[in-house]
>>> print(open('coords-v8.cif').read())   # mmCIF, C-alpha atoms
data_upload
#
loop_
_atom_site.label_atom_id
_atom_site.label_comp_id
_atom_site.auth_asym_id
_atom_site.auth_seq_id
_atom_site.Cartn_x
_atom_site.Cartn_y
_atom_site.Cartn_z
CA MET A 863 -4.14 -7.15 -19.78
CA SER A 864 -0.71 -5.66 -20.26
CA MET A 865 -0.72 -2.10 -21.55
CA THR A 866 2.41 -0.97 -23.33
CA THR A 867 1.46 2.49 -24.62
CA ARG A 868 4.46 4.78 -24.05
CA ASP A 869 4.57 8.55 -24.03
CA SER A 870 7.12 9.61 -26.59
CA THR A 871 8.38 12.36 -24.28
CA GLU A 872 9.29 9.89 -21.52
CA PRO A 873 12.75 8.36 -21.38
CA THR A 874 12.88 4.62 -21.96
CA PRO A 875 14.81 2.25 -19.71
CA GLY A 876 18.44 2.48 -20.56
CA SER A 877 18.09 5.72 -22.50
CA VAL A 878 20.25 8.75 -21.73
CA GLU A 879 18.25 11.32 -19.77
CA SER A 880 18.91 15.04 -19.77
CA PRO A 881 20.40 16.53 -16.56
CA SER A 882 17.46 18.96 -16.34
CA PHE A 883 14.94 16.06 -16.29
CA GLY A 884 16.85 14.36 -13.48
CA GLY A 885 17.00 17.67 -11.60
CA ARG A 886 13.24 18.17 -11.90
CA ARG A 887 12.64 14.70 -10.51
CA ALA A 888 14.93 15.39 -7.56
CA ILE A 889 13.10 18.67 -6.83
CA GLY A 890 9.77 16.87 -7.14
CA LEU A 891 10.94 14.32 -4.57
CA LEU A 892 11.71 17.13 -2.13
CA VAL A 893 8.25 18.63 -2.72
CA ILE A 894 6.55 15.30 -1.98
CA GLY A 895 8.68 14.93 1.13
CA ALA A 896 7.44 18.34 2.27
CA ALA A 897 3.85 17.27 1.51
CA LEU A 898 4.32 14.18 3.70
CA PHE A 899 5.58 16.39 6.54
CA VAL A 900 2.50 18.64 6.23
CA ALA A 901 0.23 15.56 6.24
CA PHE A 902 2.06 14.33 9.36
CA ILE A 903 1.35 17.59 11.21
CA LEU A 904 -2.29 17.66 10.07
CA SER A 905 -2.76 14.08 11.28
CA LEU A 906 -1.49 15.03 14.74
CA ALA A 907 -3.62 18.18 14.94
CA HIS A 908 -7.04 17.13 13.63
CA GLY A 909 -9.59 14.69 15.03
CA ALA A 910 -12.56 14.57 17.38
CA ASN A 911 -10.71 17.08 19.61
CA PRO A 912 -8.87 19.49 17.27
CA LEU A 913 -5.61 20.95 18.56
CA SER A 914 -3.79 24.09 17.48
CA TYR A 915 -0.41 23.60 15.84
CA SER A 916 1.29 25.29 18.80
CA ASP A 917 -0.41 22.78 21.13
CA VAL A 918 0.83 19.93 18.94
CA TRP A 919 4.36 21.32 19.00
CA SER A 920 4.28 21.68 22.80
CA ALA A 921 2.83 18.19 23.26
CA LEU A 922 5.60 16.66 21.14
CA TRP A 923 8.17 18.04 23.58
CA SER A 924 6.25 17.27 26.79
CA ARG A 925 5.45 13.58 26.66
CA GLY A 926 4.21 12.22 29.97
CA ASP A 927 3.21 15.55 31.56
CA ASN A 928 -0.44 14.32 31.77
CA SER A 929 -1.78 17.38 29.97
CA THR A 930 -4.82 16.80 27.76
CA GLU A 931 -2.87 17.78 24.64
CA SER A 932 0.00 15.42 25.45
CA ILE A 933 -2.36 12.50 26.12
CA ILE A 934 -4.26 13.08 22.86
CA VAL A 935 -1.11 13.38 20.76
CA TRP A 936 0.89 10.53 22.25
CA SER A 937 -1.85 8.00 23.05
CA GLU A 938 -4.15 8.54 20.06
CA ARG A 939 -2.73 10.61 17.20
CA TRP A 940 0.90 9.44 17.16
CA PRO A 941 0.15 5.66 16.88
CA ARG A 942 -2.46 6.35 14.21
CA THR A 943 -0.11 8.59 12.23
CA LEU A 944 2.77 6.10 12.45
CA VAL A 945 0.53 3.26 11.22
CA GLY A 946 -0.63 5.49 8.35
CA ILE A 947 2.95 6.18 7.26
CA MET A 948 3.92 2.50 7.48
CA VAL A 949 0.86 1.23 5.63
CA GLY A 950 0.99 3.98 2.99
CA ALA A 951 4.66 3.33 2.21
CA ALA A 952 4.06 -0.42 2.06
CA LEU A 953 1.03 -0.18 -0.25
CA GLY A 954 2.64 2.43 -2.52
CA VAL A 955 5.84 0.45 -3.09
CA ALA A 956 3.89 -2.83 -3.34
CA GLY A 957 1.73 -1.28 -6.05
CA ALA A 958 4.78 -0.11 -8.01
CA LEU A 959 6.32 -3.56 -7.62
CA ILE A 960 3.32 -5.56 -8.80
CA GLN A 961 2.76 -3.21 -11.76
CA ALA A 962 6.39 -3.72 -12.82
CA LEU A 963 6.34 -7.50 -12.28
CA THR A 964 3.13 -7.99 -14.27
CA ARG A 965 3.91 -5.18 -16.75
CA ASN A 966 0.37 -3.99 -16.13
CA PRO A 967 0.03 -0.30 -15.07
CA LEU A 968 -3.46 -0.93 -13.68
CA ALA A 969 -2.49 -3.81 -11.35
CA ASP A 970 -2.53 -3.55 -7.55
CA PRO A 971 -1.52 -5.88 -4.68
CA GLY A 972 -5.03 -7.31 -4.42
CA ILE A 973 -4.71 -8.79 -7.89
CA LEU A 974 -2.45 -11.53 -6.49
CA GLY A 975 -5.05 -12.53 -3.92
CA VAL A 976 -3.28 -10.89 -0.96
CA ASN A 977 -6.39 -9.29 0.53
CA ALA A 978 -8.53 -12.36 -0.14
CA GLY A 979 -5.94 -14.63 1.47
CA ALA A 980 -5.74 -12.43 4.55
CA GLY A 981 -9.53 -12.20 4.89
CA PHE A 982 -9.96 -15.94 4.47
CA ALA A 983 -7.32 -16.66 7.13
CA VAL A 984 -9.00 -14.29 9.61
CA THR A 985 -12.33 -15.99 8.93
CA ILE A 986 -10.82 -19.39 9.71
CA GLY A 987 -9.07 -17.98 12.78
CA ILE A 988 -12.32 -16.62 14.18
CA GLY A 989 -14.50 -19.57 13.26
CA ILE A 990 -12.15 -22.37 14.32
CA PHE A 991 -9.69 -20.90 16.82
CA GLY A 992 -11.94 -18.25 18.38
CA LEU A 993 -9.69 -15.23 17.74
CA THR A 994 -11.16 -12.00 19.04
CA SER A 995 -8.53 -9.22 19.02
CA VAL A 996 -6.65 -7.25 16.36
CA SER A 997 -3.29 -8.41 17.69
CA GLN A 998 -4.42 -11.99 17.00
CA TYR A 999 -5.84 -11.12 13.59
CA ILE A 1000 -2.49 -9.68 12.51
CA TRP A 1001 -0.62 -12.95 12.50
CA VAL A 1002 -3.25 -15.08 10.81
CA ALA A 1003 -3.92 -12.32 8.25
CA PHE A 1004 -0.23 -12.06 7.48
CA LEU A 1005 0.05 -15.86 7.18
CA GLY A 1006 -3.00 -16.00 4.91
CA ALA A 1007 -1.63 -13.27 2.65
CA ALA A 1008 1.71 -15.05 2.39
CA VAL A 1009 0.17 -18.45 1.61
CA ALA A 1010 -2.16 -16.95 -1.00
CA THR A 1011 0.67 -15.12 -2.77
CA VAL A 1012 2.90 -18.20 -2.83
CA ALA A 1013 -0.05 -20.29 -4.09
CA VAL A 1014 -0.68 -17.80 -6.90
CA PHE A 1015 2.97 -17.88 -7.88
CA ALA A 1016 2.99 -21.71 -7.83
CA ILE A 1017 -0.24 -21.97 -9.87
CA GLY A 1018 0.99 -19.37 -12.33
CA SER A 1019 4.23 -21.32 -12.83
CA VAL A 1020 2.49 -24.58 -13.81
CA GLY A 1021 3.24 -25.36 -17.45
CA GLY A 1022 5.68 -22.48 -17.77
CA GLY A 1023 8.88 -24.35 -17.08
CA GLY A 1024 8.85 -23.12 -13.50
CA THR A 1025 8.58 -19.46 -14.51
CA ALA A 1026 5.33 -17.55 -14.07
CA SER A 1027 4.44 -15.09 -16.81
CA PRO A 1028 2.65 -11.79 -16.04
CA ILE A 1029 -0.57 -13.07 -17.61
CA THR A 1030 -0.63 -16.38 -15.72
CA LEU A 1031 0.13 -14.56 -12.44
CA VAL A 1032 -2.81 -12.21 -12.95
CA LEU A 1033 -5.20 -15.01 -13.95
CA ALA A 1034 -4.13 -17.21 -11.02
CA GLY A 1035 -4.49 -14.27 -8.59
CA VAL A 1036 -7.95 -13.30 -9.77
CA ALA A 1037 -9.17 -16.92 -9.74
CA LEU A 1038 -7.80 -17.74 -6.28
CA GLY A 1039 -9.06 -14.44 -4.87
CA ALA A 1040 -12.57 -15.14 -6.15
CA VAL A 1041 -12.59 -18.64 -4.64
CA LEU A 1042 -11.32 -17.50 -1.23
CA THR A 1043 -13.72 -14.54 -1.10
CA GLY A 1044 -16.63 -16.81 -1.99
CA ILE A 1045 -15.77 -19.30 0.77
CA GLU A 1046 -15.31 -16.46 3.28
CA THR A 1047 -18.69 -14.99 2.38
CA PHE A 1048 -20.33 -18.43 2.72
CA PHE A 1049 -19.01 -18.86 6.27
CA THR A 1050 -20.00 -15.34 7.36
CA LEU A 1051 -23.53 -15.81 6.03
CA LEU A 1052 -23.89 -19.11 7.89
CA ASP A 1053 -23.12 -17.49 11.26
CA PRO A 1054 -23.20 -13.65 11.01
CA GLU A 1055 -22.86 -13.10 14.77
CA THR A 1056 -19.72 -15.24 15.17
CA PHE A 1057 -18.05 -13.60 12.17
CA ARG A 1058 -18.98 -10.01 13.05
CA GLY A 1059 -15.29 -9.35 13.75
CA VAL A 1060 -14.39 -10.21 10.14
CA ARG A 1061 -16.75 -7.56 8.79
CA ASN A 1062 -15.30 -4.94 11.13
CA TRP A 1063 -11.71 -5.89 10.29
CA THR A 1064 -12.18 -5.82 6.51
CA VAL A 1065 -13.22 -2.13 6.65
CA GLY A 1066 -9.75 -0.60 6.39
CA SER A 1067 -9.01 1.74 9.30
CA LEU A 1068 -5.93 3.25 10.95
CA ALA A 1069 -7.66 3.49 14.33
CA ARG A 1070 -7.57 -0.16 15.40
CA ALA A 1071 -3.83 -0.86 15.32
CA THR A 1072 -1.75 0.08 18.37
CA LEU A 1073 1.95 0.93 18.64
CA ALA A 1074 2.55 -2.66 19.77
CA ASP A 1075 0.77 -3.98 16.67
CA ALA A 1076 2.83 -1.64 14.46
CA GLY A 1077 6.01 -2.82 16.15
CA LEU A 1078 5.16 -6.45 15.37
CA VAL A 1079 4.63 -5.79 11.66
CA ALA A 1080 7.31 -3.11 11.13
CA PRO A 1081 10.26 -5.53 10.61
CA PHE A 1082 8.38 -7.33 7.82
CA ILE A 1083 7.51 -4.09 6.05
CA ILE A 1084 11.07 -2.74 6.36
CA VAL A 1085 12.55 -5.94 4.87
CA GLY A 1086 9.97 -5.81 2.07
CA LEU A 1087 10.85 -2.19 1.28
CA LEU A 1088 14.58 -2.97 1.16
CA ILE A 1089 14.04 -5.94 -1.20
CA ALA A 1090 11.75 -3.91 -3.47
CA LEU A 1091 14.18 -0.99 -3.70
CA ALA A 1092 17.05 -3.40 -4.43
CA LEU A 1093 15.06 -4.87 -7.35
CA ALA A 1094 14.28 -1.50 -8.97
CA THR A 1095 17.16 -1.56 -11.49
CA SER A 1096 16.39 -5.15 -12.56
CA LEU A 1097 12.71 -4.25 -13.00
CA ASN A 1098 13.78 -1.63 -15.55
CA SER A 1099 15.25 -4.45 -17.64
CA ILE A 1100 12.15 -6.66 -17.21
CA ALA A 1101 10.02 -3.80 -18.55
CA LEU A 1102 11.75 -4.39 -21.91
CA GLY A 1103 10.51 -8.02 -21.99
CA ASP A 1104 11.80 -11.25 -20.48
CA ASP A 1105 13.99 -12.23 -23.45
CA LEU A 1106 15.72 -8.87 -23.73
CA ALA A 1107 16.12 -8.65 -19.94
CA ALA A 1108 17.80 -12.07 -19.94
CA SER A 1109 20.09 -11.00 -22.76
CA LEU A 1110 21.10 -7.98 -20.65
CA GLY A 1111 22.13 -10.30 -17.82
CA THR A 1112 19.02 -10.05 -15.62
CA ASN A 1113 17.94 -13.26 -13.89
CA VAL A 1114 14.22 -12.88 -14.56
CA ARG A 1115 13.15 -15.83 -12.43
CA ARG A 1116 15.14 -14.67 -9.41
CA VAL A 1117 13.76 -11.15 -9.72
CA ARG A 1118 10.19 -12.51 -9.81
CA VAL A 1119 10.76 -14.77 -6.79
CA PHE A 1120 12.19 -11.95 -4.68
CA GLY A 1121 9.53 -9.60 -6.03
CA VAL A 1122 6.77 -11.90 -4.81
CA ILE A 1123 8.51 -12.21 -1.42
CA ALA A 1124 8.68 -8.42 -1.11
CA LEU A 1125 5.07 -8.05 -2.23
CA THR A 1126 3.94 -10.57 0.38
CA LEU A 1127 5.78 -8.76 3.16
CA LEU A 1128 4.53 -5.31 2.11
CA ALA A 1129 0.90 -5.97 1.15
CA GLY A 1130 0.48 -8.72 3.73
CA GLY A 1131 1.81 -6.53 6.53
CA ALA A 1132 -0.32 -3.52 5.50
CA THR A 1133 -3.45 -5.65 5.19
CA ALA A 1134 -2.84 -7.34 8.53
CA LEU A 1135 -2.56 -3.95 10.27
CA THR A 1136 -5.52 -2.16 8.71
CA GLY A 1137 -7.71 -4.74 6.98
CA GLY A 1138 -6.85 -3.37 3.55
CA ILE A 1139 -7.03 0.13 2.05
CA ALA A 1140 -8.25 0.46 -1.53
CA PHE A 1141 -6.75 2.44 -4.43
CA VAL A 1142 -3.44 3.42 -2.79
CA GLY A 1143 -1.36 0.69 -4.43
CA LEU A 1144 -3.13 1.21 -7.75
CA MET A 1145 -3.35 4.99 -8.03
CA VAL A 1146 -0.16 6.37 -6.50
CA PRO A 1147 2.44 4.49 -8.62
CA HIS A 1148 0.31 5.08 -11.71
CA VAL A 1149 0.15 8.84 -11.11
CA VAL A 1150 3.81 9.33 -10.16
CA ARG A 1151 4.88 7.46 -13.31
CA TRP A 1152 3.50 10.33 -15.38
CA PHE A 1153 5.84 12.74 -13.64
CA VAL A 1154 9.02 10.66 -13.36
CA GLY A 1155 8.82 8.41 -16.43
CA PRO A 1156 9.26 4.62 -16.51
CA ASP A 1157 12.40 4.40 -14.33
CA GLN A 1158 11.38 2.08 -11.47
CA ARG A 1159 13.97 3.61 -9.12
CA TRP A 1160 12.22 6.98 -9.25
CA ILE A 1161 8.73 5.44 -9.25
CA MET A 1162 9.46 3.56 -6.04
CA ALA A 1163 11.13 6.56 -4.40
CA TYR A 1164 8.17 8.80 -5.23
CA SER A 1165 5.63 6.13 -4.19
CA LEU A 1166 7.48 5.64 -0.89
CA LEU A 1167 6.69 9.27 0.06
CA ALA A 1168 3.52 10.07 -1.90
CA ALA A 1169 1.46 7.05 -0.78
CA PRO A 1170 1.75 7.71 3.00
CA ALA A 1171 0.99 11.40 2.39
CA PHE A 1172 -2.19 10.35 0.53
CA VAL A 1173 -3.21 7.91 3.28
CA LEU A 1174 -2.70 10.49 6.04
CA ILE A 1175 -4.61 13.20 4.15
CA ALA A 1176 -7.49 10.77 3.49
CA ASP A 1177 -7.56 9.82 7.17
CA VAL A 1178 -7.63 13.50 8.22
CA VAL A 1179 -10.49 14.19 5.79
CA GLY A 1180 -12.44 11.27 7.25
CA ARG A 1181 -11.97 12.63 10.77
CA VAL A 1182 -12.81 16.26 9.89
CA ILE A 1183 -15.97 15.83 7.83
CA ALA A 1184 -17.61 13.39 10.29
CA ARG A 1185 -16.48 15.06 13.56
CA PRO A 1186 -16.92 14.02 16.38
CA GLY A 1187 -17.11 10.60 14.71
CA GLU A 1188 -15.05 9.55 11.70
CA ILE A 1189 -15.21 7.82 8.33
CA GLU A 1190 -12.76 4.94 7.90
CA VAL A 1191 -9.79 5.73 5.67
CA TRP A 1192 -10.67 2.82 3.36
CA ILE A 1193 -13.87 4.61 2.32
CA VAL A 1194 -12.19 8.01 1.89
CA THR A 1195 -9.34 6.69 -0.28
CA ALA A 1196 -11.89 5.03 -2.55
CA VAL A 1197 -14.01 8.20 -2.79
CA LEU A 1198 -10.98 10.44 -3.42
CA GLY A 1199 -8.97 7.98 -5.47
CA ALA A 1200 -11.51 6.78 -8.00
CA PRO A 1201 -12.44 10.20 -9.50
CA VAL A 1202 -8.80 11.31 -9.56
CA LEU A 1203 -7.73 8.16 -11.37
CA ILE A 1204 -10.60 8.43 -13.88
CA ALA A 1205 -9.78 12.11 -14.55
CA LEU A 1206 -6.10 11.39 -15.08
CA VAL A 1207 -6.81 8.43 -17.36
CA ARG A 1208 -9.17 10.60 -19.45
CA ARG A 1209 -6.59 13.39 -19.58
CA ARG A 1210 -3.83 11.26 -21.09
CA ASP A 1211 -3.26 7.75 -22.34
CA VAL A 1212 -2.49 5.09 -19.77
CA SER A 1213 1.18 5.60 -18.95
CA ALA A 1214 3.62 2.88 -19.83
CA LEU A 1215 5.91 0.86 -17.61
#
>>> encode(input="coords-v8.cif", output="structure tokens")
Amino acid sequence: MSMTTRDSTEPTPGSVESPSFGGRRAIGLLVIGAALFVAFILSLAHGANPLSYSDVWSALWSRGDNSTESIIVWSERWPRTLVGIMVGAALGVAGALIQALTRNPLADPGILGVNAGAGFAVTIGIGIFGLTSVSQYIWVAFLGAAVATVAVFAIGSVGGGGTASPITLVLAGVALGAVLTGIETFFTLLDPETFRGVRNWTVGSLARATLADAGLVAPFIIVGLLIALALATSLNSIALGDDLAASLGTNVRRVRVFGVIALTLLAGGATALTGGIAFVGLMVPHVVRWFVGPDQRWIMAYSLLAAPAFVLIADVVGRVIARPGEIEVWIVTAVLGAPVLIALVRRRDVSAL
């Protein structure tokens, strides 16, 4: 499944890059940062009760004055926007990480069974322990995602001398995900009324999580981001192949272990908060790679800003087109993401890692 086609105009890991190319990437990072700021403002202004930008600005500086604008911004829009930024950053960096670890530019966090593990754990939590609230779902979903990822890594390492290859990781993830999803579906069909909460939770949305929920998951996502960013240089070496990376002094096994830990924290935390949002972890790192080349440091930096901007814009679109109701962000990212990804893939060859 690994695709190794490389654009001849892109710098390879370890190659000397021109100062102008590095300058363009730095300017591009500033542009994406500005786009994230615009998405942040739009997310605060638009919804069932649209606010003017001057009202948003006033509300930001008058928290607790009991005005309608202040209540809307601080009790509804701000928690939703913060969750969108957290989840977008986590999914974007997790996508870049899993694509680098598996050397597959079309991989995403779900390929390691993260979403399936989280969904299966929530099903068990509802069916056996009677969980009913999102704050309860978060912990069992996070635990399920972590157990599934560790299980995939353990299965993928069998017969490989303790080291999982990209191919065995992908195969183990797909197989385990299929098994867990099948069992989850079996339980929900047996008792649809009891497991109604599972169906609602699996439709990815930014609206359900509260500030308290975000505060519970934030430490895990922050640690995952720090680990992923620290691995970026080593992932450049792994892109050259395990043998060459080892000859350059990279401890491939250690990088994979910490990579899986970071992936669990990032994708597991994002899935626990929102129920899973499609296409973000797949599309964003893949698209930014075309602009910044194969250097994982730049890919992760761009994904860290571009993915939350995409999630917030998708959430705003879902709120605007269905006003006064809304369309869940999971549906909008799929509708927006799939055509964009297909168009970009048709425009150029699949970019290399």
>>> closest_residue(input="coords-v8.cif", among="A:Ala978, A:Ala1074, A:Ile986, A:Met1162", to="Gly1039 (chain A)", atoms="only C-alpha atoms")
A:Ala978
>>> residues_around(input="coords-v8.cif", residues="Thr930 (chain A)", least_positions_apart="5", cutoff="12 Å", atoms="all atoms listed in the file", output="VMD selection string")
chain A and resid 911 to 913 917 to 918 920 to 921 924 to 925 935 to 938
>>> write_last_selection(input="coords-v8.cif", atoms="C-alpha atoms", output="short mmCIF file (atom, residue, chain, number, x, y, z; two decimals), keeping the file's coordinate frame")
data_model
loop_
_atom_site.label_atom_id
_atom_site.label_comp_id
_atom_site.auth_asym_id
_atom_site.auth_seq_id
_atom_site.Cartn_x
_atom_site.Cartn_y
_atom_site.Cartn_z
CA ASN A 911 -10.71 17.08 19.61
CA PRO A 912 -8.87 19.49 17.27
CA LEU A 913 -5.61 20.95 18.56
CA ASP A 917 -0.41 22.78 21.13
CA VAL A 918 0.83 19.93 18.94
CA SER A 920 4.28 21.68 22.80
CA ALA A 921 2.83 18.19 23.26
CA SER A 924 6.25 17.27 26.79
CA ARG A 925 5.45 13.58 26.66
CA VAL A 935 -1.11 13.38 20.76
CA TRP A 936 0.89 10.53 22.25
CA SER A 937 -1.85 8.00 23.05
CA GLU A 938 -4.15 8.54 20.06
#
>>> atom_distance(input="coords-v8.cif", atom1="CA of Glu1188 (chain A)", atom2="CA of Ala1134 (chain A)")
21.1 Å
>>> residues_around(input="coords-v8.cif", residues="region 1190-1195 of chain A", least_positions_apart="6", cutoff="6 Å", atoms="only C-alpha atoms", output="PyMOL selection string")
chain A and resi 1066-1067+1139-1140+1176-1177
>>> closest_residue(input="coords-v8.cif", among="A:Asn1113, A:Thr1050, A:Ser929, A:Asn1098", to="Leu959 (chain A)", atoms="only C-alpha atoms")
A:Asn1098
>>> closest_residue(input="coords-v8.cif", among="A:Ala1169, A:Ala1013, A:Ala958, A:Ala1200", to="Pro1156 (chain A)", atoms="all atoms listed in the file")
A:Ala958
>>> atom_distance(input="coords-v8.cif", atom1="CA of Ile990 (chain A)", atom2="CA of Leu1051 (chain A)")
15.5 Å
>>> closest_residue(input="coords-v8.cif", among="A:Leu1073, A:Leu904, A:Ala951, A:Ile1123", to="Ile1089 (chain A)", atoms="all atoms listed in the file")
A:Ile1123
>>> resolve_selection(input="coords-v8.cif", expression="the PyMOL selection byres ((chain A and resi 1093) around 9)", output="list in words")
Leu959, Leu1088, Ile1089, Ala1090, Leu1091, Ala1092, Ala1094, Thr1095, Ser1096, Leu1097, Asn1098, Val1117, Phe1120, Gly1121, Gln1158 and Arg1159 of chain A
>>> residues_around(input="coords-v8.cif", residues="region 993-997 of chain A", least_positions_apart="4", cutoff="9 Å", atoms="all atoms listed in the file", output="VMD selection string")
chain A and resid 984 987 to 989 1001 1059 1063 1070 to 1072 1074 to 1075 1078 1134 to 1135
>>> closest_residue(input="coords-v8.cif", among="A:Phe1015, A:Phe899, A:Tyr1164, A:Gly1130", to="Leu963 (chain A)", atoms="all atoms listed in the file")
A:Phe1015
>>> decode(input="coords-v8.cif", residues="region 1085-1103 of chain A", atoms="N, CA, C and O atoms", output="mmCIF file, in the first residue's frame")
data_model
loop_
_atom_site.group_PDB
_atom_site.id
_atom_site.type_symbol
_atom_site.label_atom_id
_atom_site.label_comp_id
_atom_site.auth_asym_id
_atom_site.auth_seq_id
_atom_site.Cartn_x
_atom_site.Cartn_y
_atom_site.Cartn_z
ATOM 1 N N VAL A 1085 0.243 16.554 25.236
ATOM 2 C CA VAL A 1085 1.387 15.630 25.322
ATOM 3 C C VAL A 1085 1.599 14.927 23.981
ATOM 4 O O VAL A 1085 2.736 14.773 23.512
ATOM 5 N N GLY A 1086 0.509 14.510 23.345
ATOM 6 C CA GLY A 1086 0.623 13.859 22.041
ATOM 7 C C GLY A 1086 1.235 14.779 20.997
ATOM 8 O O GLY A 1086 2.077 14.346 20.190
ATOM 9 N N LEU A 1087 0.844 16.054 20.996
ATOM 10 C CA LEU A 1087 1.410 17.007 20.038
ATOM 11 C C LEU A 1087 2.908 17.191 20.277
ATOM 12 O O LEU A 1087 3.703 17.226 19.327
ATOM 13 N N LEU A 1088 3.308 17.296 21.541
ATOM 14 C CA LEU A 1088 4.727 17.502 21.855
ATOM 15 C C LEU A 1088 5.560 16.291 21.407
ATOM 16 O O LEU A 1088 6.656 16.446 20.854
ATOM 17 N N ILE A 1089 5.051 15.077 21.657
ATOM 18 C CA ILE A 1089 5.783 13.873 21.239
ATOM 19 C C ILE A 1089 5.895 13.829 19.721
ATOM 20 O O ILE A 1089 6.971 13.556 19.166
ATOM 21 N N ALA A 1090 4.792 14.120 19.030
ATOM 22 C CA ALA A 1090 4.798 14.055 17.563
ATOM 23 C C ALA A 1090 5.774 15.067 16.980
ATOM 24 O O ALA A 1090 6.555 14.744 16.067
ATOM 25 N N LEU A 1091 5.771 16.280 17.492
ATOM 26 C CA LEU A 1091 6.683 17.304 16.975
ATOM 27 C C LEU A 1091 8.137 16.930 17.271
ATOM 28 O O LEU A 1091 9.036 17.202 16.457
ATOM 29 N N ALA A 1092 8.381 16.291 18.408
ATOM 30 C CA ALA A 1092 9.746 15.880 18.747
ATOM 31 C C ALA A 1092 10.249 14.766 17.836
ATOM 32 O O ALA A 1092 11.467 14.611 17.653
ATOM 33 N N LEU A 1093 9.325 13.990 17.258
ATOM 34 C CA LEU A 1093 9.716 12.872 16.382
ATOM 35 C C LEU A 1093 9.904 13.302 14.930
ATOM 36 O O LEU A 1093 10.335 12.484 14.105
ATOM 37 N N ALA A 1094 9.583 14.543 14.592
ATOM 38 C CA ALA A 1094 9.541 14.949 13.182
ATOM 39 C C ALA A 1094 10.870 14.722 12.469
ATOM 40 O O ALA A 1094 10.904 14.205 11.340
ATOM 41 N N THR A 1095 11.983 15.075 13.101
ATOM 42 C CA THR A 1095 13.290 14.907 12.447
ATOM 43 C C THR A 1095 13.598 13.431 12.209
ATOM 44 O O THR A 1095 14.084 13.050 11.128
ATOM 45 N N SER A 1096 13.302 12.575 13.201
ATOM 46 C CA SER A 1096 13.549 11.133 13.037
ATOM 47 C C SER A 1096 12.666 10.544 11.949
ATOM 48 O O SER A 1096 13.077 9.624 11.229
ATOM 49 N N LEU A 1097 11.448 11.062 11.801
ATOM 50 C CA LEU A 1097 10.557 10.553 10.753
ATOM 51 C C LEU A 1097 11.097 10.873 9.368
ATOM 52 O O LEU A 1097 10.838 10.138 8.409
ATOM 53 N N ASN A 1098 11.858 11.950 9.231
ATOM 54 C CA ASN A 1098 12.511 12.236 7.946
ATOM 55 C C ASN A 1098 13.478 11.126 7.576
ATOM 56 O O ASN A 1098 13.596 10.742 6.410
ATOM 57 N N SER A 1099 14.192 10.595 8.560
ATOM 58 C CA SER A 1099 15.126 9.497 8.299
ATOM 59 C C SER A 1099 14.376 8.218 7.958
ATOM 60 O O SER A 1099 14.760 7.481 7.036
ATOM 61 N N ILE A 1100 13.269 7.943 8.682
ATOM 62 C CA ILE A 1100 12.499 6.713 8.428
ATOM 63 C C ILE A 1100 11.884 6.731 7.032
ATOM 64 O O ILE A 1100 11.697 5.677 6.419
ATOM 65 N N ALA A 1101 11.626 7.917 6.491
ATOM 66 C CA ALA A 1101 11.078 8.004 5.133
ATOM 67 C C ALA A 1101 12.051 7.434 4.105
ATOM 68 O O ALA A 1101 11.643 7.037 3.011
ATOM 69 N N LEU A 1102 13.345 7.367 4.440
ATOM 70 C CA LEU A 1102 14.341 6.817 3.531
ATOM 71 C C LEU A 1102 14.394 5.296 3.585
ATOM 72 O O LEU A 1102 15.116 4.675 2.788
ATOM 73 N N GLY A 1103 13.658 4.678 4.552
ATOM 74 C CA GLY A 1103 13.697 3.235 4.715
ATOM 75 C C GLY A 1103 14.328 2.891 6.059
ATOM 76 O O GLY A 1103 15.188 3.629 6.565
#
